[in-house]
Amino acid sequence: MAKSIDVSDLDIYYGDFKAVEGVNMSIRARAVTAFIGPSGCGKSTFLRALNRMHEVIPGARVEGKVIVSGQSLYDPTVDPVAVRRQIGMVFQRPNPFPTMSIYENVLAGMRLNSKKLSKSDADGIVEKSLRGANLWNEVKDRLGKPGMGLSGGQQQRLCIARAIAVSPEVLLMDEPCSALDPISTSAIEDLIHELKSEYTIVIVTHNMQQAARVSDETGFFNLKAAGQPGHLVEFNPTHKMFTNPDEPATEAYISGRFG
Amino acid sequence: MSTTTPIEPDFAVSAGLVQPRLPRWGSALVAVMALALAGLLTMVLGLSLVAGFVVAALLFVVGLPLWSRMVEGSRAAADRFATCLVWASFAAVVVPLVWLVWLVLKNGFGVLSVEFLTYSMRGIVGEGGGIYHALMGTLLVTLAATLISVPIGLFTAIYLVEYGRGGRLARTTTFLVDVMTGIPSIVAGLFALALFVMIFGPAIRIGFGGSVALSLLMIPTVVRSAEEMLRLVPSDLREASYALGVPKWRTIIKVVLPTAFGGIVTGIVLAISRVIGETAPLLVVAGATDSVNMNLFSGRMMTLPVYIYTQYSSPGVPAFGETGPPPGYARAWGAALVLIAIVMVLNLAARILQKTFAPKTERRR
Ligand SMILES: Nc1ncnc2c1ncn2[C@@H]1O[C@H](COP(=O)(O)OP(=O)(O)OP(=O)(O)O)[C@@H](O)[C@H]1O
Ligand SMILES: [Mg+2]
């Protein structure tokens with residue numbers, strides 16, 4: 001059920017601007033993979049290339065191969081909509097649907113696709129997803145209220161609940177905890193541990209401790225210089241990355257001796 | 001020295017945090033003085049009342065900032081000046097509006113009656129008669145025009161925002177829509193007439209022709225406003241929907257359109273308000289008649305603006321032995337009042353629709 005992802009020689013462009021260059025890595029199924037690196041080095045861009053969200057931006061394109069469980073993602077015959085149903089995503093900025101209540105936001109994946117659900121199934125999914133995102137206790141009395149009426153961190157957890165409600169096989173999370181307090185952060189980390197047994201999880205984070213805590217493998221992205229494309233410096237098991245990295249640049253970044 | 005004041009007074013003054021202000025009653029004083037001076041000028045020079053008020057307003061707009069400049073400094077003076085200008089512009093817009101509504105109410109309210117609203121002008125030469133035929137005509141013609149324009153306009157806007165991506169077809173469409181905005185309404189009427197003459201032969205006058213002419217005027221407004229509203233929908237929301245595996249068309253129908261719903265409805269109502277008072281194109285294609293015609297597709301059809309025009313241009317004569325203005329004048333005012341009321345009701349309905357469907361974002365940002 002969970003899927004592995006193999007990336008080879010991936011170049012990612014915004015129009016003429018090459019944002020990410022020459023990435024090779026293989027992301028294991030049923031494991032957590034973390035991406036770290038300085039701001040603007042292309043972590044979000046790379047993540048979005050993994051579920052074909054990148055091409056939504058006008059002029060954006062991808063060169064190279066992404067293979068998910070043996071199927072090439074950028075094959076002309078592959079339907080991006082089907083890809084995104086299996087590879088879910090939590091964005092860097094919370095984006096709940098303003099026209100929907102909290103309840104409907106969690107069910108958005110089904111409702112927008114006009115999937116029929118019995119009331120009890122729907123209630124079950126909503127509760128399970130909100131509990132998973134550590135939001136249930138805060139919103140259980142106002143599920144009918146607008147999703148936009150939540151605080152920034154609550155909105156982010158609502159988006160996490162929305163993403164896990166459709167039970168994707170791969171979950172991509174772009175800095176899911178950057179707006180969260182330590183309690184919610186640790187709840188999300190618990191959730192990640194839990195989901196790991198069934199799903200493949202990729203997480204972008206600026207928090208080294210978080211990467212060390214939750215991930216099995218870590219990729220370090222970096223920029224050679226401003227205006228240059230970002231690239232993958234090192235990809236290794238997390239404990240190796242944080243104790244004995246292959247590259248001096250990784251060591252410098254992790255220990256904070258870095259411009 | 002007070003212990004509750006966080007900043008010591010000496011420090012506050014020396015750091016420039018405290019500045020002299022005009023007294024609270026300052027603007028009222030200037031207003032009274034401006035009125036008094038203007039009243040004096042009006043009497044001495046023999047100006048009219050309206051001119052007197054204009055002079056008073058000018059004196060106020062000049063006087064208050066000058067005083068403020070001497071006491072409070074230039075930034076506060078500029079603020080007061082800008083505030084005066086905003087209020088003056090507000091008055092310049094609202095006064096004519098209130099005046100117009102009052103005039104129409106004064107002249108039109110008297111003729112309103114059940115008979116006026118439920119009788120046509122069939123066989124009437126003097127007093128009596130009503131606007132029923134014109135009212136129905138206006139409602140039918142405008143409804144048909146809306147049914148034509150809204151789908152075309154909305155789909156065009158969706159194409160431009162969601163699919164066009166600034167390509168050549170999208171740019172050409174935008175250009176043509178802009179050109180369409182500038183079409184004089186009489187030209188739209190003549191176009192519709194020519195179109196129906198080509199199909200049905202000469203001397204054709206049908207209500208539906210009027211709808212076509214009006215929709216030519218409505219479509220660009222609908223496209224423009226809907227386009228603006230769709231562009232305001234953050235792309236984050238589209239991405240959130242795509243990331244859940246929702247196809248693009250469903251995203252547009254279920255996320256983008258509902259989010260922009262309020263603005264789109266307002267745009268449509270504005271477009272309707274703009275065309276519902278059009279006279280020339282309807283006179284040309286829909287013609288004028290004194291009897292009720294509920295069939296858009298056959299025969300002449302009266303509409304309220306054309307009714308107002310015909311009542312004013314041929315008002316009939318007062319009943320034998322009576323004096324006073326011709327009866328058509330009062331009927332024209334009454335019809336104008338009903339037309340304004342329809343537009344108001346439409347706007348209210350749009351408000352209610354917006355309230356019920358608008359994004360539930362009532363929240364501090
Ligand atoms: N929509 C876009 N159009 C053009 N260029 C973009 C776009 N989005 C990102 N970029 C560029 O691509 C590069 C990588 O951006 P990306 O958002 O992937 O960085 P990031 O590693 O996620 O940074 P952060 O840690 O700040 O989120 C940057 O140089 C950025 O300016
Ligand atoms: Mg990012």
# chains A, B, ... in the order shown; residues from 1 in each chain; ligands from 1
$ residues_near_ligand --ligand "ligand 1" --cutoff "6 Å" --atoms "only C-alpha atoms and all ligand atoms" --output "ChimeraX atom specification"
/A:14,19,38-45
$ write_last_selection --atoms "N, CA, C and O atoms" --output "PDB file, in the first residue's frame"
ATOM      1  N   TYR A  14      11.028  27.181 -13.017  1.00  0.00           N
ATOM      2  CA  TYR A  14       9.917  28.143 -13.065  1.00  0.00           C
ATOM      3  C   TYR A  14      10.161  28.968 -14.322  1.00  0.00           C
ATOM      4  O   TYR A  14      10.985  29.878 -14.299  1.00  0.00           O
ATOM      5  N   ALA A  19      15.183  26.159 -10.658  1.00  0.00           N
ATOM      6  CA  ALA A  19      15.145  26.312  -9.202  1.00  0.00           C
ATOM      7  C   ALA A  19      15.879  25.172  -8.497  1.00  0.00           C
ATOM      8  O   ALA A  19      16.484  25.371  -7.454  1.00  0.00           O
ATOM      9  N   PRO A  38      18.741  25.732   3.758  1.00  0.00           N
ATOM     10  CA  PRO A  38      18.445  27.156   3.948  1.00  0.00           C
ATOM     11  C   PRO A  38      17.235  27.602   3.133  1.00  0.00           C
ATOM     12  O   PRO A  38      16.841  26.941   2.173  1.00  0.00           O
ATOM     13  N   SER A  39      16.662  28.728   3.504  1.00  0.00           N
ATOM     14  CA  SER A  39      15.493  29.267   2.823  1.00  0.00           C
ATOM     15  C   SER A  39      15.811  29.552   1.353  1.00  0.00           C
ATOM     16  O   SER A  39      16.878  30.051   1.029  1.00  0.00           O
ATOM     17  N   GLY A  40      14.884  29.167   0.488  1.00  0.00           N
ATOM     18  CA  GLY A  40      15.045  29.467  -0.934  1.00  0.00           C
ATOM     19  C   GLY A  40      15.859  28.442  -1.694  1.00  0.00           C
ATOM     20  O   GLY A  40      16.166  28.632  -2.874  1.00  0.00           O
ATOM     21  N   CYS A  41      16.239  27.321  -1.047  1.00  0.00           N
ATOM     22  CA  CYS A  41      17.082  26.357  -1.734  1.00  0.00           C
ATOM     23  C   CYS A  41      16.249  25.366  -2.539  1.00  0.00           C
ATOM     24  O   CYS A  41      16.791  24.493  -3.215  1.00  0.00           O
ATOM     25  N   GLY A  42      14.924  25.447  -2.482  1.00  0.00           N
ATOM     26  CA  GLY A  42      14.100  24.615  -3.352  1.00  0.00           C
ATOM     27  C   GLY A  42      13.463  23.412  -2.689  1.00  0.00           C
ATOM     28  O   GLY A  42      13.030  22.491  -3.381  1.00  0.00           O
ATOM     29  N   LYS A  43      13.365  23.413  -1.363  1.00  0.00           N
ATOM     30  CA  LYS A  43      12.732  22.276  -0.691  1.00  0.00           C
ATOM     31  C   LYS A  43      11.257  22.170  -1.064  1.00  0.00           C
ATOM     32  O   LYS A  43      10.777  21.100  -1.467  1.00  0.00           O
ATOM     33  N   SER A  44      10.546  23.301  -0.965  1.00  0.00           N
ATOM     34  CA  SER A  44       9.126  23.283  -1.309  1.00  0.00           C
ATOM     35  C   SER A  44       8.943  22.913  -2.771  1.00  0.00           C
ATOM     36  O   SER A  44       8.061  22.125  -3.131  1.00  0.00           O
ATOM     37  N   THR A  45       9.781  23.490  -3.606  1.00  0.00           N
ATOM     38  CA  THR A  45       9.686  23.224  -5.036  1.00  0.00           C
ATOM     39  C   THR A  45       9.839  21.733  -5.313  1.00  0.00           C
ATOM     40  O   THR A  45       9.061  21.133  -6.070  1.00  0.00           O
TER      41      THR A  45
END
$ select_by_dssp --residues "range 11-248 of chain A" --states "alpha helix (DSSP H)" --output "count of residues only"
83
$ residues_around --residues "Phe220 in chain A" --least-positions-apart "5" --cutoff "6 Å" --atoms "only C-alpha atoms" --output "ChimeraX atom specification"
/A:35-37,232-234
$ closest_atom_pairs --of "chain B" --to "chain A" --cutoff "12 Å" --atoms "only C-alpha atoms" --output "tab-separated table"
residue	atom	partner	partner_atom	distance
B:Val161	CA	A:Pro58	CA	11.9
B:Glu162	CA	A:Pro58	CA	10.7
B:Tyr163	CA	A:Pro58	CA	10.4
B:Gly164	CA	A:Pro58	CA	10.6
B:Arg165	CA	A:Pro58	CA	7.2
B:Gly166	CA	A:Pro58	CA	9.7
B:Gly167	CA	A:Pro58	CA	11.1
B:Val233	CA	A:Pro98	CA	10.2
B:Pro234	CA	A:Asn95	CA	9.3
B:Ser235	CA	A:Ile57	CA	9.3
B:Asp236	CA	A:Asn95	CA	6.2
B:Leu237	CA	A:Asn95	CA	6.1
B:Arg238	CA	A:Val56	CA	9.2
B:Glu239	CA	A:Met53	CA	7.5
B:Ala240	CA	A:Asn95	CA	6.6
B:Ser241	CA	A:Gly109	CA	7.7
B:Tyr242	CA	A:Arg84	CA	7.1
B:Ala243	CA	A:Arg84	CA	5.5
B:Leu244	CA	A:Gly109	CA	5.3
B:Gly245	CA	A:Arg85	CA	4.2
B:Val246	CA	A:Asn113	CA	6.0
B:Pro247	CA	A:Val81	CA	5.9
B:Lys248	CA	A:Val81	CA	8.5
B:Trp249	CA	A:Leu112	CA	10.5
B:Arg250	CA	A:Leu112	CA	6.8
B:Thr251	CA	A:Leu112	CA	7.4
B:Ile252	CA	A:Leu112	CA	10.3
B:Ile253	CA	A:Leu112	CA	9.2
B:Lys254	CA	A:Leu112	CA	6.5
B:Val255	CA	A:Phe97	CA	7.5
B:Val256	CA	A:Thr99	CA	9.7
B:Leu257	CA	A:Thr99	CA	10.1
B:Pro258	CA	A:Thr99	CA	6.8
B:Thr259	CA	A:Thr99	CA	6.0
B:Ala260	CA	A:Thr99	CA	9.6
B:Phe261	CA	A:Thr99	CA	9.8
B:Gly262	CA	A:Thr99	CA	11.1
B:Thr356	CA	A:Thr99	CA	10.9
B:Phe357	CA	A:Thr99	CA	8.1
B:Ala358	CA	A:Thr99	CA	7.1
B:Pro359	CA	A:Thr99	CA	4.2
B:Lys360	CA	A:Pro146	CA	5.4
B:Thr361	CA	A:Met148	CA	5.7
B:Glu362	CA	A:Gly149	CA	7.1
B:Arg363	CA	A:Gly149	CA	5.7
B:Arg364	CA	A:Gly149	CA	8.3
B:Arg365	CA	A:Gly149	CA	9.4
$ residues_around --residues "Arg28 in chain A" --least-positions-apart "5" --cutoff "10 Å" --atoms "only C-alpha atoms" --output "VMD selection string"
chain A and resid 2 to 6 33 200 to 202 216 to 217
$ select_by_dssp --residues "range 9-115 of chain A" --states "strand (DSSP E or B)" --output "PyMOL selection string"
chain A and resi 9-14+17-27+32-36+60-68+71-72+87-90+101
$ residues_around --residues "range 298-309 of chain B" --least-positions-apart "6" --cutoff "7 Å" --atoms "only C-alpha atoms" --output "list in words"
His133, Ala134, Leu135, Gly137, Thr138, Arg205, Ile206, Gly207, Gly277, Glu278, Thr279, Leu283, Ala286, Gly287, Ala288, Thr289, Ala332, Ala335, Ala336 and Leu339 of chain B
$ write_last_selection --atoms "N, CA and C atoms" --output "JSON list (two decimals), in the first residue's frame"
[["chain", "number", "residue", "atom", "x", "y", "z"],
["B", 133, "HIS", "N", -48.52, 46.57, -18.70],
["B", 133, "HIS", "CA", -47.88, 46.01, -19.90],
["B", 133, "HIS", "C", -46.38, 46.33, -19.93],
["B", 134, "ALA", "N", -46.04, 47.57, -19.53],
["B", 134, "ALA", "CA", -44.62, 47.96, -19.56],
["B", 134, "ALA", "C", -43.83, 47.25, -18.47],
["B", 135, "LEU", "N", -44.47, 47.11, -17.30],
["B", 135, "LEU", "CA", -43.80, 46.43, -16.18],
["B", 135, "LEU", "C", -43.46, 45.00, -16.57],
["B", 137, "GLY", "N", -43.29, 43.78, -19.55],
["B", 137, "GLY", "CA", -42.33, 43.81, -20.65],
["B", 137, "GLY", "C", -40.91, 43.98, -20.13],
["B", 138, "THR", "N", -40.72, 44.94, -19.23],
["B", 138, "THR", "CA", -39.38, 45.17, -18.69],
["B", 138, "THR", "C", -38.87, 43.94, -17.96],
["B", 205, "ARG", "N", -40.71, 43.36, -35.03],
["B", 205, "ARG", "CA", -40.49, 43.98, -33.72],
["B", 205, "ARG", "C", -40.86, 42.92, -32.69],
["B", 206, "ILE", "N", -39.86, 42.39, -31.98],
["B", 206, "ILE", "CA", -40.20, 41.43, -30.93],
["B", 206, "ILE", "C", -39.42, 41.74, -29.66],
["B", 207, "GLY", "N", -39.98, 41.34, -28.53],
["B", 207, "GLY", "CA", -39.36, 41.61, -27.24],
["B", 207, "GLY", "C", -38.00, 40.95, -27.12],
["B", 277, "GLY", "N", -32.68, 50.39, -17.50],
["B", 277, "GLY", "CA", -33.20, 51.70, -17.86],
["B", 277, "GLY", "C", -32.91, 52.11, -19.30],
["B", 278, "GLU", "N", -32.35, 51.19, -20.10],
["B", 278, "GLU", "CA", -32.04, 51.53, -21.49],
["B", 278, "GLU", "C", -33.32, 51.78, -22.29],
["B", 279, "THR", "N", -33.34, 52.85, -23.06],
["B", 279, "THR", "CA", -34.53, 53.19, -23.82],
["B", 279, "THR", "C", -34.34, 52.96, -25.31],
["B", 283, "LEU", "N", -36.65, 50.75, -27.91],
["B", 283, "LEU", "CA", -37.54, 51.46, -28.82],
["B", 283, "LEU", "C", -37.33, 50.95, -30.25],
["B", 286, "ALA", "N", -37.83, 46.40, -29.79],
["B", 286, "ALA", "CA", -39.03, 45.86, -29.14],
["B", 286, "ALA", "C", -40.24, 46.72, -29.47],
["B", 287, "GLY", "N", -40.02, 47.94, -29.92],
["B", 287, "GLY", "CA", -41.12, 48.82, -30.29],
["B", 287, "GLY", "C", -41.88, 49.32, -29.09],
["B", 288, "ALA", "N", -43.07, 49.86, -29.37],
["B", 288, "ALA", "CA", -43.90, 50.37, -28.29],
["B", 288, "ALA", "C", -45.33, 49.93, -28.56],
["B", 289, "THR", "N", -46.08, 49.69, -27.50],
["B", 289, "THR", "CA", -47.46, 49.26, -27.67],
["B", 289, "THR", "C", -48.25, 49.67, -26.44],
["B", 332, "ALA", "N", -45.64, 59.16, -16.37],
["B", 332, "ALA", "CA", -44.20, 58.99, -16.61],
["B", 332, "ALA", "C", -43.43, 59.00, -15.29],
["B", 335, "ALA", "N", -44.03, 55.75, -13.48],
["B", 335, "ALA", "CA", -43.27, 54.64, -14.06],
["B", 335, "ALA", "C", -41.80, 54.73, -13.66],
["B", 336, "ALA", "N", -41.27, 55.97, -13.63],
["B", 336, "ALA", "CA", -39.87, 56.15, -13.22],
["B", 336, "ALA", "C", -39.67, 55.67, -11.78],
["B", 339, "LEU", "N", -39.56, 51.97, -11.74],
["B", 339, "LEU", "CA", -38.28, 51.49, -12.27],
["B", 339, "LEU", "C", -37.19, 51.57, -11.19]]
$ residues_around --residues "Lys18 in chain A" --least-positions-apart "2" --cutoff "12 Å" --atoms "only C-alpha atoms" --output "mmCIF file with all heavy atoms, in the first residue's frame"
data_model
loop_
_atom_site.group_PDB
_atom_site.id
_atom_site.type_symbol
_atom_site.label_atom_id
_atom_site.label_comp_id
_atom_site.auth_asym_id
_atom_site.auth_seq_id
_atom_site.Cartn_x
_atom_site.Cartn_y
_atom_site.Cartn_z
ATOM 1 N N LEU A 10 16.592 14.955 -11.505
ATOM 2 C CA LEU A 10 15.437 15.842 -11.597
ATOM 3 C C LEU A 10 15.886 17.309 -11.621
ATOM 4 O O LEU A 10 16.586 17.767 -10.721
ATOM 5 C CB LEU A 10 14.498 15.601 -10.411
ATOM 6 C CG LEU A 10 13.100 16.162 -10.586
ATOM 7 C CD1 LEU A 10 12.355 15.394 -11.657
ATOM 8 C CD2 LEU A 10 12.329 16.113 -9.273
ATOM 9 N N ASP A 11 15.465 18.018 -12.682
ATOM 10 C CA ASP A 11 15.656 19.471 -12.763
ATOM 11 C C ASP A 11 14.270 20.098 -12.707
ATOM 12 O O ASP A 11 13.349 19.627 -13.373
ATOM 13 C CB ASP A 11 16.317 19.879 -14.084
ATOM 14 C CG ASP A 11 17.722 19.310 -14.214
ATOM 15 O OD1 ASP A 11 18.316 18.977 -13.180
ATOM 16 O OD2 ASP A 11 18.200 19.192 -15.358
ATOM 17 N N ILE A 12 14.118 21.151 -11.938
ATOM 18 C CA ILE A 12 12.808 21.789 -11.811
ATOM 19 C C ILE A 12 12.925 23.263 -12.189
ATOM 20 O O ILE A 12 13.833 23.957 -11.707
ATOM 21 C CB ILE A 12 12.258 21.652 -10.378
ATOM 22 C CG1 ILE A 12 12.380 20.190 -9.912
ATOM 23 C CG2 ILE A 12 10.823 22.101 -10.305
ATOM 24 C CD1 ILE A 12 11.970 19.967 -8.488
ATOM 25 N N TYR A 13 12.037 23.704 -13.063
ATOM 26 C CA TYR A 13 12.096 25.075 -13.575
ATOM 27 C C TYR A 13 10.841 25.862 -13.239
ATOM 28 O O TYR A 13 9.737 25.323 -13.198
ATOM 29 C CB TYR A 13 12.209 25.057 -15.111
ATOM 30 C CG TYR A 13 13.447 24.406 -15.653
ATOM 31 C CD1 TYR A 13 13.517 23.028 -15.831
ATOM 32 C CD2 TYR A 13 14.539 25.187 -16.027
ATOM 33 C CE1 TYR A 13 14.652 22.430 -16.344
ATOM 34 C CE2 TYR A 13 15.678 24.598 -16.547
ATOM 35 C CZ TYR A 13 15.732 23.220 -16.701
ATOM 36 O OH TYR A 13 16.852 22.642 -17.209
ATOM 37 N N TYR A 14 11.028 27.181 -13.017
ATOM 38 C CA TYR A 14 9.917 28.143 -13.065
ATOM 39 C C TYR A 14 10.161 28.968 -14.322
ATOM 40 O O TYR A 14 10.985 29.878 -14.299
ATOM 41 C CB TYR A 14 9.918 29.059 -11.847
ATOM 42 C CG TYR A 14 9.532 28.392 -10.556
ATOM 43 C CD1 TYR A 14 10.480 28.057 -9.606
ATOM 44 C CD2 TYR A 14 8.197 28.109 -10.279
ATOM 45 C CE1 TYR A 14 10.116 27.459 -8.420
ATOM 46 C CE2 TYR A 14 7.821 27.509 -9.089
ATOM 47 C CZ TYR A 14 8.787 27.183 -8.167
ATOM 48 O OH TYR A 14 8.429 26.594 -6.987
ATOM 49 N N GLY A 15 9.494 28.663 -15.425
ATOM 50 C CA GLY A 15 9.793 29.354 -16.677
ATOM 51 C C GLY A 15 11.234 29.071 -17.059
ATOM 52 O O GLY A 15 11.654 27.925 -17.180
ATOM 53 N N ASP A 16 12.037 30.143 -17.194
ATOM 54 C CA ASP A 16 13.438 29.954 -17.563
ATOM 55 C C ASP A 16 14.327 29.753 -16.348
ATOM 56 O O ASP A 16 15.490 29.392 -16.481
ATOM 57 C CB ASP A 16 13.937 31.180 -18.341
ATOM 58 C CG ASP A 16 13.234 31.301 -19.674
ATOM 59 O OD1 ASP A 16 12.821 30.242 -20.198
ATOM 60 O OD2 ASP A 16 13.084 32.438 -20.176
ATOM 61 N N VAL A 20 15.814 23.978 -9.086
ATOM 62 C CA VAL A 20 16.435 22.812 -8.456
ATOM 63 C C VAL A 20 17.119 22.009 -9.557
ATOM 64 O O VAL A 20 16.592 21.886 -10.660
ATOM 65 C CB VAL A 20 15.378 21.934 -7.743
ATOM 66 C CG1 VAL A 20 16.015 20.679 -7.189
ATOM 67 C CG2 VAL A 20 14.702 22.704 -6.621
ATOM 68 N N GLU A 21 18.292 21.474 -9.243
ATOM 69 C CA GLU A 21 19.089 20.831 -10.282
ATOM 70 C C GLU A 21 19.586 19.458 -9.839
ATOM 71 O O GLU A 21 20.039 19.296 -8.700
ATOM 72 C CB GLU A 21 20.289 21.732 -10.587
ATOM 73 C CG GLU A 21 21.201 21.228 -11.686
ATOM 74 C CD GLU A 21 22.292 22.246 -11.960
ATOM 75 O OE1 GLU A 21 23.023 22.602 -11.016
ATOM 76 O OE2 GLU A 21 22.401 22.681 -13.109
ATOM 77 N N GLY A 22 19.480 18.501 -10.759
ATOM 78 C CA GLY A 22 20.165 17.225 -10.611
ATOM 79 C C GLY A 22 19.936 16.474 -9.311
ATOM 80 O O GLY A 22 20.888 16.061 -8.665
ATOM 81 N N CYS A 41 16.239 27.321 -1.047
ATOM 82 C CA CYS A 41 17.082 26.357 -1.734
ATOM 83 C C CYS A 41 16.249 25.366 -2.539
ATOM 84 O O CYS A 41 16.791 24.493 -3.215
ATOM 85 C CB CYS A 41 17.974 25.616 -0.742
ATOM 86 S SG CYS A 41 17.027 24.548 0.349
ATOM 87 N N GLY A 42 14.924 25.447 -2.482
ATOM 88 C CA GLY A 42 14.100 24.615 -3.352
ATOM 89 C C GLY A 42 13.463 23.412 -2.689
ATOM 90 O O GLY A 42 13.030 22.491 -3.381
ATOM 91 N N THR A 45 9.781 23.490 -3.606
ATOM 92 C CA THR A 45 9.686 23.224 -5.036
ATOM 93 C C THR A 45 9.839 21.733 -5.313
ATOM 94 O O THR A 45 9.061 21.133 -6.070
ATOM 95 C CB THR A 45 10.789 24.024 -5.766
ATOM 96 O OG1 THR A 45 10.662 25.394 -5.418
ATOM 97 C CG2 THR A 45 10.678 23.854 -7.256
ATOM 98 N N PHE A 46 10.850 21.131 -4.690
ATOM 99 C CA PHE A 46 11.084 19.707 -4.910
ATOM 100 C C PHE A 46 9.911 18.876 -4.396
ATOM 101 O O PHE A 46 9.438 17.949 -5.050
ATOM 102 C CB PHE A 46 12.388 19.291 -4.218
ATOM 103 C CG PHE A 46 12.699 17.835 -4.348
ATOM 104 C CD1 PHE A 46 13.134 17.322 -5.561
ATOM 105 C CD2 PHE A 46 12.535 16.962 -3.280
ATOM 106 C CE1 PHE A 46 13.402 15.979 -5.702
ATOM 107 C CE2 PHE A 46 12.803 15.615 -3.413
ATOM 108 C CZ PHE A 46 13.240 15.121 -4.629
ATOM 109 N N GLY A 59 3.939 28.128 -16.457
ATOM 110 C CA GLY A 59 5.327 28.164 -16.911
ATOM 111 C C GLY A 59 6.238 27.191 -16.182
ATOM 112 O O GLY A 59 7.389 27.023 -16.558
ATOM 113 N N ALA A 60 5.717 26.556 -15.110
ATOM 114 C CA ALA A 60 6.583 25.666 -14.338
ATOM 115 C C ALA A 60 6.681 24.310 -15.030
ATOM 116 O O ALA A 60 5.702 23.808 -15.573
ATOM 117 C CB ALA A 60 6.026 25.492 -12.928
ATOM 118 N N ARG A 61 7.892 23.725 -15.042
ATOM 119 C CA ARG A 61 8.021 22.396 -15.635
ATOM 120 C C ARG A 61 9.144 21.620 -14.954
ATOM 121 O O ARG A 61 9.908 22.185 -14.156
ATOM 122 C CB ARG A 61 8.271 22.494 -17.135
ATOM 123 C CG ARG A 61 9.572 23.097 -17.496
ATOM 124 C CD ARG A 61 9.553 23.657 -18.903
ATOM 125 N NE ARG A 61 10.616 24.636 -19.022
ATOM 126 C CZ ARG A 61 11.878 24.322 -19.250
ATOM 127 N NH1 ARG A 61 12.238 23.060 -19.417
ATOM 128 N NH2 ARG A 61 12.804 25.245 -19.316
ATOM 129 N N VAL A 62 9.203 20.342 -15.304
ATOM 130 C CA VAL A 62 10.110 19.427 -14.629
ATOM 131 C C VAL A 62 10.818 18.598 -15.692
ATOM 132 O O VAL A 62 10.213 18.214 -16.687
ATOM 133 C CB VAL A 62 9.288 18.509 -13.691
ATOM 134 C CG1 VAL A 62 10.079 17.298 -13.288
ATOM 135 C CG2 VAL A 62 8.837 19.269 -12.469
ATOM 136 N N GLU A 63 12.130 18.355 -15.505
ATOM 137 C CA GLU A 63 12.849 17.439 -16.393
ATOM 138 C C GLU A 63 13.491 16.369 -15.532
ATOM 139 O O GLU A 63 13.997 16.663 -14.454
ATOM 140 C CB GLU A 63 13.927 18.186 -17.181
ATOM 141 C CG GLU A 63 13.366 18.955 -18.356
ATOM 142 C CD GLU A 63 14.423 19.839 -19.014
ATOM 143 O OE1 GLU A 63 15.624 19.637 -18.745
ATOM 144 O OE2 GLU A 63 14.018 20.733 -19.772
ATOM 145 N N LEU A 223 22.162 25.863 -1.685
ATOM 146 C CA LEU A 223 22.369 26.707 -2.856
ATOM 147 C C LEU A 223 23.861 26.918 -3.006
ATOM 148 O O LEU A 223 24.536 27.184 -2.017
ATOM 149 C CB LEU A 223 21.719 28.068 -2.622
ATOM 150 C CG LEU A 223 20.215 28.201 -2.730
ATOM 151 C CD1 LEU A 223 19.803 29.541 -2.154
ATOM 152 C CD2 LEU A 223 19.798 28.104 -4.174
ATOM 153 N N GLY A 227 20.765 32.969 -6.681
ATOM 154 C CA GLY A 227 20.450 32.967 -8.112
ATOM 155 C C GLY A 227 20.800 31.660 -8.790
ATOM 156 O O GLY A 227 20.381 31.407 -9.919
ATOM 157 N N GLN A 228 21.584 30.821 -8.120
ATOM 158 C CA GLN A 228 21.921 29.500 -8.663
ATOM 159 C C GLN A 228 20.834 28.504 -8.267
ATOM 160 O O GLN A 228 20.139 28.709 -7.279
ATOM 161 C CB GLN A 228 23.256 29.039 -8.064
ATOM 162 C CG GLN A 228 24.436 29.877 -8.463
ATOM 163 C CD GLN A 228 25.025 29.428 -9.769
ATOM 164 O OE1 GLN A 228 25.205 28.242 -10.004
ATOM 165 N NE2 GLN A 228 25.276 30.384 -10.661
ATOM 166 N N PRO A 229 20.681 27.427 -9.039
ATOM 167 C CA PRO A 229 19.701 26.424 -8.627
ATOM 168 C C PRO A 229 20.112 25.719 -7.341
ATOM 169 O O PRO A 229 21.304 25.584 -7.061
ATOM 170 C CB PRO A 229 19.683 25.445 -9.805
ATOM 171 C CG PRO A 229 20.916 25.703 -10.569
ATOM 172 C CD PRO A 229 21.297 27.117 -10.339
ATOM 173 N N GLY A 230 19.108 25.294 -6.573
ATOM 174 C CA GLY A 230 19.403 24.503 -5.393
ATOM 175 C C GLY A 230 19.739 23.070 -5.810
ATOM 176 O O GLY A 230 19.385 22.627 -6.893
ATOM 177 N N HIS A 231 20.436 22.329 -4.949
ATOM 178 C CA HIS A 231 20.755 20.941 -5.272
ATOM 179 C C HIS A 231 20.825 20.120 -3.992
ATOM 180 O O HIS A 231 20.928 20.682 -2.897
ATOM 181 C CB HIS A 231 22.083 20.862 -6.029
ATOM 182 C CG HIS A 231 23.243 21.390 -5.235
ATOM 183 N ND1 HIS A 231 24.265 20.601 -4.802
ATOM 184 C CD2 HIS A 231 23.510 22.628 -4.770
ATOM 185 C CE1 HIS A 231 25.127 21.326 -4.107
ATOM 186 N NE2 HIS A 231 24.686 22.568 -4.079
#
$ residues_around --residues "range 246-253 of chain A" --least-positions-apart "3" --cutoff "10 Å" --atoms "only C-alpha atoms" --output "count of residues only"
20
$ closest_residue --among "A:Asn137, A:Gln92, A:Asn207, A:Ser69" --to "ligand 2" --atoms "only C-alpha atoms and all ligand atoms"
A:Gln92
$ closest_residue --among "A:Ala211, A:Val68, A:Leu158, A:Leu195" --to "Glu175 in chain A" --atoms "only C-alpha atoms"
A:Ala211
